[in-house]
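Chemist: Below you will find the structure I want to go over with you.
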Amino acid sequence: MLFFSLSSNTLYSAELNFVTPNSAPFQYKTEQGMRGPFIRIIQKVCDEMQISCSIDYVESWNRAKQMVRMGSMFKQKKVNGVATLAWSEERTAWLYYSPPIIETGYGFFIRNNDVRQPSSILGLQGYTISVHGPSKSSRNLELIKKEIVDLDIDMSFDQEAGLKKLSRGRVDAVYLNKDIGTFLIRSLGIGNVSYAFDHQTVSYFIAFSKVSTDKKIVDQFNAAYRKLYKAGIIQVLIGKDFKVAELY
């Protein structure tokens, strides 16, 4: 086993161990293990680096982020990273980031027969909008509500519940990640709902614990990712249903 030493008291393994909850369609648990574009990318980059990597399911985002923040042990392995996180200034205190992987958006789903067909936030006057929460999405919608006085928020237990309410006419719109919403609409067989417009765009990354991961390994991971990106391999792994984030 190859080890890198940053100090006389701290040793870092050249293997990388990731934890991630379900976040379909980006990554999700199956009987055969974790699947999805982020899983394929991690596996391919690790193959390119010729190192051993594991990707284990955990049940919640809060637990995954806490484990990475602390560099915890899980299944007798030191946790190094987590998939599908948005960048934030606060998180840079305890995370290293990959290049941006997938560009997605948060916005509004409406019924296809909605006569108003809103294309901007101002078109949502008088709407009751469902959102899963409490969550970052629900906080975003609260900020939107401050811009539009005549707007009601319906807090749903989960994302599926909001889309079902919308389909049945119990709410006027749903605020949700467009890739997740599109995936759920297909999975639930909802035929009368579609995406209206973006409120904000966001890129998702793979992130690494500063506590348990040597930055040299992160740099090697990111260099391997860039090599695969320039060769067109990342685009194939992500697939046509997602937008590949541009390198910067």
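Scheme for the structure tokens: letters A, B, ... for chains in order shown; per-chain residue numbers from 1; ligand numbers from 1 in order shown.
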Pick out each residue of segment 50-84 of chain A that DSSP on the backbone tags as alpha helix (DSSP H); I need them as a VMD selection string.
Modeler: chain A and resid 61 to 70
Chemist: Show me, as a PyMOL selection string, the residues that have an atom within 9 Å of Val45 of chain A when counting only C-alpha atoms, minus same-chain residues fewer than 6 positions from it.
Modeler: chain A and resi 221-222+224-225+228
Chemist: Go ahead and dump the residues you just picked, N, CA and C atoms, as a PDB file, in the first residue's frame.
Modeler:
ATOM      1  N   PHE A 221      -6.413  13.251  -8.894  1.00  0.00           N
ATOM      2  CA  PHE A 221      -7.785  12.923  -9.304  1.00  0.00           C
ATOM      3  C   PHE A 221      -8.286  13.967 -10.301  1.00  0.00           C
ATOM      4  N   ASN A 222      -8.096  15.236  -9.970  1.00  0.00           N
ATOM      5  CA  ASN A 222      -8.583  16.310 -10.835  1.00  0.00           C
ATOM      6  C   ASN A 222      -7.847  16.340 -12.173  1.00  0.00           C
ATOM      7  N   ALA A 224      -6.567  13.692 -13.663  1.00  0.00           N
ATOM      8  CA  ALA A 224      -7.086  12.555 -14.421  1.00  0.00           C
ATOM      9  C   ALA A 224      -8.457  12.876 -15.002  1.00  0.00           C
ATOM     10  N   TYR A 225      -9.291  13.559 -14.213  1.00  0.00           N
ATOM     11  CA  TYR A 225     -10.602  13.972 -14.722  1.00  0.00           C
ATOM     12  C   TYR A 225     -10.452  14.881 -15.939  1.00  0.00           C
ATOM     13  N   LEU A 228      -9.525  12.938 -19.038  1.00  0.00           N
ATOM     14  CA  LEU A 228     -10.658  12.208 -19.581  1.00  0.00           C
ATOM     15  C   LEU A 228     -11.674  13.149 -20.236  1.00  0.00           C
TER      16      LEU A 228
END
Chemist: Rank A:Ser187, A:Ser135, A:Asn140, A:Ser88 by their smallest atom-to-atom distance to Glu160 of chain A, using only C-alpha atoms, and report the top residue only.
Modeler: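 With only C-alpha atoms as the atom set, the closest residue is A:Ser187.
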Chemist: Measuring atom to atom with only C-alpha atoms, identify which of A:Ser137, A:Thr201, A:Ser212, A:Pro99 is nearest to Tyr248 of chain A.
Modeler: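 Distance minimum relative to Tyr248 of chain A lands on A:Pro99.
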Chemist: What are the closest atom pairs, with distances in Å to one decimal, for all residues of segment 65-124 of chain A lying within 6 Å of segment 170-186 of chain A? Consider only C-alpha atoms, order rows by chain and residue number, and present the result as CSV.
Modeler:
residue,atom,partner,partner_atom,distance
A:Gly105,CA,A:Asn177,CA,5.7
A:Tyr106,CA,A:Asn177,CA,4.3
A:Gly107,CA,A:Tyr175,CA,5.4
A:Phe108,CA,A:Tyr175,CA,4.7
A:Phe109,CA,A:Val174,CA,5.1
A:Ile110,CA,A:Ala173,CA,4.8
Chemist: With C-alpha atoms retained, write the just-selected residues as a PDB file, in the first residue's frame.
Modeler:
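Printed below is result.pdb as written:
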ATOM      1  CA  GLY A 105     -30.739  24.149 -12.649  1.00  0.00           C
ATOM      2  CA  TYR A 106     -33.412  24.848 -10.072  1.00  0.00           C
ATOM      3  CA  GLY A 107     -36.713  26.177 -11.248  1.00  0.00           C
ATOM      4  CA  PHE A 108     -40.413  25.593 -11.703  1.00  0.00           C
ATOM      5  CA  PHE A 109     -42.559  22.754 -12.972  1.00  0.00           C
ATOM      6  CA  ILE A 110     -46.131  23.551 -14.059  1.00  0.00           C
TER       7      ILE A 110
END
Chemist: I'd like the neighbourhood of Arg63 of chain A as JSON, numbers by chain, where a residue qualifies if any of its atoms comes within 10 Å (using only C-alpha atoms), though same-chain residues fewer than 4 positions away should be ignored.
Modeler: {"A": [19, 20, 21, 58, 59, 67, 68, 69]}
Chemist: So that I have them on file, write out the residues from the current selection with N, CA and C atoms, as a short mmCIF file (atom, residue, chain, number, x, y, z; two decimals), in the first residue's frame.
Modeler:
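Once everything was written out, this is again02.cif:
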data_model
loop_
_atom_site.label_atom_id
_atom_site.label_comp_id
_atom_site.auth_asym_id
_atom_site.auth_seq_id
_atom_site.Cartn_x
_atom_site.Cartn_y
_atom_site.Cartn_z
N VAL A 19 -18.65 8.24 0.18
CA VAL A 19 -20.00 7.93 0.65
C VAL A 19 -20.98 8.84 -0.09
N THR A 20 -22.18 8.34 -0.32
CA THR A 20 -23.18 9.16 -0.99
C THR A 20 -24.57 8.60 -0.73
N PRO A 21 -25.55 9.45 -0.48
CA PRO A 21 -26.94 9.00 -0.38
C PRO A 21 -27.57 8.90 -1.76
N VAL A 58 -24.96 5.80 2.01
CA VAL A 58 -25.41 6.18 3.35
C VAL A 58 -26.80 6.79 3.20
N GLU A 59 -27.55 6.83 4.29
CA GLU A 59 -28.98 7.09 4.17
C GLU A 59 -29.36 8.56 4.08
N MET A 67 -19.73 12.91 7.87
CA MET A 67 -18.65 11.92 7.79
C MET A 67 -17.46 12.46 7.02
N VAL A 68 -17.73 13.17 5.93
CA VAL A 68 -16.64 13.74 5.15
C VAL A 68 -15.97 14.88 5.91
N ARG A 69 -16.77 15.68 6.56
CA ARG A 69 -16.21 16.81 7.32
C ARG A 69 -15.25 16.32 8.41
#
Chemist: Extract the full set of strand (DSSP E) residues from segment 143-225 of chain A according to DSSP on the backbone, and format it as a list in words.
Modeler: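 Listing strand (DSSP E) positions across segment 143-225 of chain A yields Asp152, Ile153, Asp154, Met155, Ser156, Ala173, Val174, Tyr175, Leu176, Asn177, Val193, Ser194, Tyr195, Ala196, Phe197, Asp198, His199, Gln200, Thr201, Val202, Ser203, Tyr204, Phe205, Ile206, Ala207, Phe208 and Ser209 of chain A.
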Chemist: Save out the residues we just selected, N, CA and C atoms, as a PDB file, in the first residue's frame.
Modeler:
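Output saved as again.pdb:
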ATOM      1  N   ASP A 152     -47.988  31.766  -2.366  1.00  0.00           N
ATOM      2  CA  ASP A 152     -48.105  30.875  -1.215  1.00  0.00           C
ATOM      3  C   ASP A 152     -47.166  29.677  -1.378  1.00  0.00           C
ATOM      4  N   ILE A 153     -46.593  29.237  -0.266  1.00  0.00           N
ATOM      5  CA  ILE A 153     -45.674  28.099  -0.276  1.00  0.00           C
ATOM      6  C   ILE A 153     -46.336  26.891   0.384  1.00  0.00           C
ATOM      7  N   ASP A 154     -46.310  25.769  -0.313  1.00  0.00           N
ATOM      8  CA  ASP A 154     -46.796  24.503   0.212  1.00  0.00           C
ATOM      9  C   ASP A 154     -45.579  23.618   0.471  1.00  0.00           C
ATOM     10  N   MET A 155     -45.307  23.305   1.735  1.00  0.00           N
ATOM     11  CA  MET A 155     -44.146  22.493   2.079  1.00  0.00           C
ATOM     12  C   MET A 155     -44.524  21.022   1.999  1.00  0.00           C
ATOM     13  N   SER A 156     -43.849  20.294   1.111  1.00  0.00           N
ATOM     14  CA  SER A 156     -44.149  18.887   0.910  1.00  0.00           C
ATOM     15  C   SER A 156     -43.157  18.004   1.651  1.00  0.00           C
ATOM     16  N   ALA A 173     -47.572  24.995  -8.968  1.00  0.00           N
ATOM     17  CA  ALA A 173     -46.215  24.799  -9.468  1.00  0.00           C
ATOM     18  C   ALA A 173     -45.402  24.059  -8.416  1.00  0.00           C
ATOM     19  N   VAL A 174     -44.267  23.543  -8.828  1.00  0.00           N
ATOM     20  CA  VAL A 174     -43.303  22.904  -7.917  1.00  0.00           C
ATOM     21  C   VAL A 174     -41.940  23.507  -8.185  1.00  0.00           C
ATOM     22  N   TYR A 175     -41.234  23.856  -7.116  1.00  0.00           N
ATOM     23  CA  TYR A 175     -39.863  24.354  -7.220  1.00  0.00           C
ATOM     24  C   TYR A 175     -38.931  23.192  -6.940  1.00  0.00           C
ATOM     25  N   LEU A 176     -38.065  22.865  -7.929  1.00  0.00           N
ATOM     26  CA  LEU A 176     -37.300  21.628  -7.834  1.00  0.00           C
ATOM     27  C   LEU A 176     -36.138  21.656  -8.816  1.00  0.00           C
ATOM     28  N   ASN A 177     -35.103  20.866  -8.520  1.00  0.00           N
ATOM     29  CA  ASN A 177     -34.029  20.660  -9.490  1.00  0.00           C
ATOM     30  C   ASN A 177     -34.618  20.060 -10.765  1.00  0.00           C
ATOM     31  N   VAL A 193     -47.255  17.294 -16.656  1.00  0.00           N
ATOM     32  CA  VAL A 193     -46.387  18.267 -15.983  1.00  0.00           C
ATOM     33  C   VAL A 193     -45.087  18.383 -16.751  1.00  0.00           C
ATOM     34  N   SER A 194     -44.562  19.607 -16.862  1.00  0.00           N
ATOM     35  CA  SER A 194     -43.273  19.808 -17.527  1.00  0.00           C
ATOM     36  C   SER A 194     -42.550  20.998 -16.911  1.00  0.00           C
ATOM     37  N   TYR A 195     -41.275  21.108 -17.238  1.00  0.00           N
ATOM     38  CA  TYR A 195     -40.432  22.174 -16.683  1.00  0.00           C
ATOM     39  C   TYR A 195     -40.713  23.488 -17.400  1.00  0.00           C
ATOM     40  N   ALA A 196     -40.868  24.564 -16.635  1.00  0.00           N
ATOM     41  CA  ALA A 196     -41.215  25.859 -17.217  1.00  0.00           C
ATOM     42  C   ALA A 196     -39.987  26.729 -17.462  1.00  0.00           C
ATOM     43  N   PHE A 197     -39.183  26.992 -16.400  1.00  0.00           N
ATOM     44  CA  PHE A 197     -38.023  27.867 -16.567  1.00  0.00           C
ATOM     45  C   PHE A 197     -37.088  27.753 -15.376  1.00  0.00           C
ATOM     46  N   ASP A 198     -35.825  28.135 -15.620  1.00  0.00           N
ATOM     47  CA  ASP A 198     -34.804  28.145 -14.569  1.00  0.00           C
ATOM     48  C   ASP A 198     -34.966  29.362 -13.671  1.00  0.00           C
ATOM     49  N   HIS A 199     -34.744  29.129 -12.382  1.00  0.00           N
ATOM     50  CA  HIS A 199     -34.562  30.236 -11.447  1.00  0.00           C
ATOM     51  C   HIS A 199     -33.082  30.511 -11.253  1.00  0.00           C
ATOM     52  N   GLN A 200     -32.294  29.444 -11.137  1.00  0.00           N
ATOM     53  CA  GLN A 200     -30.843  29.587 -11.015  1.00  0.00           C
ATOM     54  C   GLN A 200     -30.177  28.336 -11.561  1.00  0.00           C
ATOM     55  N   THR A 201     -28.971  28.503 -12.074  1.00  0.00           N
ATOM     56  CA  THR A 201     -28.183  27.362 -12.524  1.00  0.00           C
ATOM     57  C   THR A 201     -27.151  27.042 -11.455  1.00  0.00           C
ATOM     58  N   VAL A 202     -26.752  25.778 -11.405  1.00  0.00           N
ATOM     59  CA  VAL A 202     -25.790  25.331 -10.402  1.00  0.00           C
ATOM     60  C   VAL A 202     -24.976  24.196 -10.988  1.00  0.00           C
ATOM     61  N   SER A 203     -23.718  24.118 -10.584  1.00  0.00           N
ATOM     62  CA  SER A 203     -22.861  22.999 -10.982  1.00  0.00           C
ATOM     63  C   SER A 203     -22.648  22.084  -9.793  1.00  0.00           C
ATOM     64  N   TYR A 204     -22.577  20.778 -10.076  1.00  0.00           N
ATOM     65  CA  TYR A 204     -22.324  19.790  -9.046  1.00  0.00           C
ATOM     66  C   TYR A 204     -20.902  19.246  -9.183  1.00  0.00           C
ATOM     67  N   PHE A 205     -20.306  18.955  -8.036  1.00  0.00           N
ATOM     68  CA  PHE A 205     -18.907  18.559  -7.947  1.00  0.00           C
ATOM     69  C   PHE A 205     -18.778  17.255  -7.163  1.00  0.00           C
ATOM     70  N   ILE A 206     -17.604  16.650  -7.233  1.00  0.00           N
ATOM     71  CA  ILE A 206     -17.152  15.651  -6.277  1.00  0.00           C
ATOM     72  C   ILE A 206     -16.293  16.393  -5.267  1.00  0.00           C
ATOM     73  N   ALA A 207     -16.481  16.104  -3.986  1.00  0.00           N
ATOM     74  CA  ALA A 207     -15.764  16.849  -2.946  1.00  0.00           C
ATOM     75  C   ALA A 207     -15.003  15.899  -2.027  1.00  0.00           C
ATOM     76  N   PHE A 208     -13.891  16.409  -1.477  1.00  0.00           N
ATOM     77  CA  PHE A 208     -12.963  15.590  -0.699  1.00  0.00           C
ATOM     78  C   PHE A 208     -12.699  16.221   0.664  1.00  0.00           C
ATOM     79  N   SER A 209     -12.596  15.363   1.660  1.00  0.00           N
ATOM     80  CA  SER A 209     -12.324  15.821   3.018  1.00  0.00           C
ATOM     81  C   SER A 209     -10.898  16.329   3.158  1.00  0.00           C
TER      82      SER A 209
END
Chemist: Which residue, A:Ile39, A:Val82, A:Leu95, A:Ile148, has the smallest gap to Asn17 of chain A when you use only C-alpha atoms?
Modeler: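 Using only C-alpha atoms, Asn17 of chain A sits closest to A:Val82.
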Chemist: Nearest to Tyr97 of chain A: which of A:Asp241, A:Asp219, A:Glu31, A:Asp158 is it, counting only C-alpha atoms?
Modeler: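 The answer is A:Asp219, which sits nearest to Tyr97 of chain A.
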Chemist: Take atom CA of Ser119 of chain A and atom CA of Leu151 of chain A and report the distance between them in Å, one decimal.
Modeler: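 These atoms are spaced 15.7 Å apart.
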Chemist: Calculated over only C-alpha atoms, which of the candidates A:Asn62, A:Ile101, A:Asn192, A:Thr92 has the smallest distance to Gly239 of chain A?
Modeler: A:Ile101
Chemist: Find the residues around Ser72 of chain A up to 10 Å (only C-alpha atoms counted), leave out those fewer than 6 positions away in its own chain, and share them as a VMD selection string.
Modeler: chain A and resid 64 66 78 to 80 209 211 to 212
Chemist: What does the structure give for the distance between atom CA of Gly81 of chain A and atom CA of Pro25 of chain A, in Å to one decimal?
Modeler: 19.1 Å
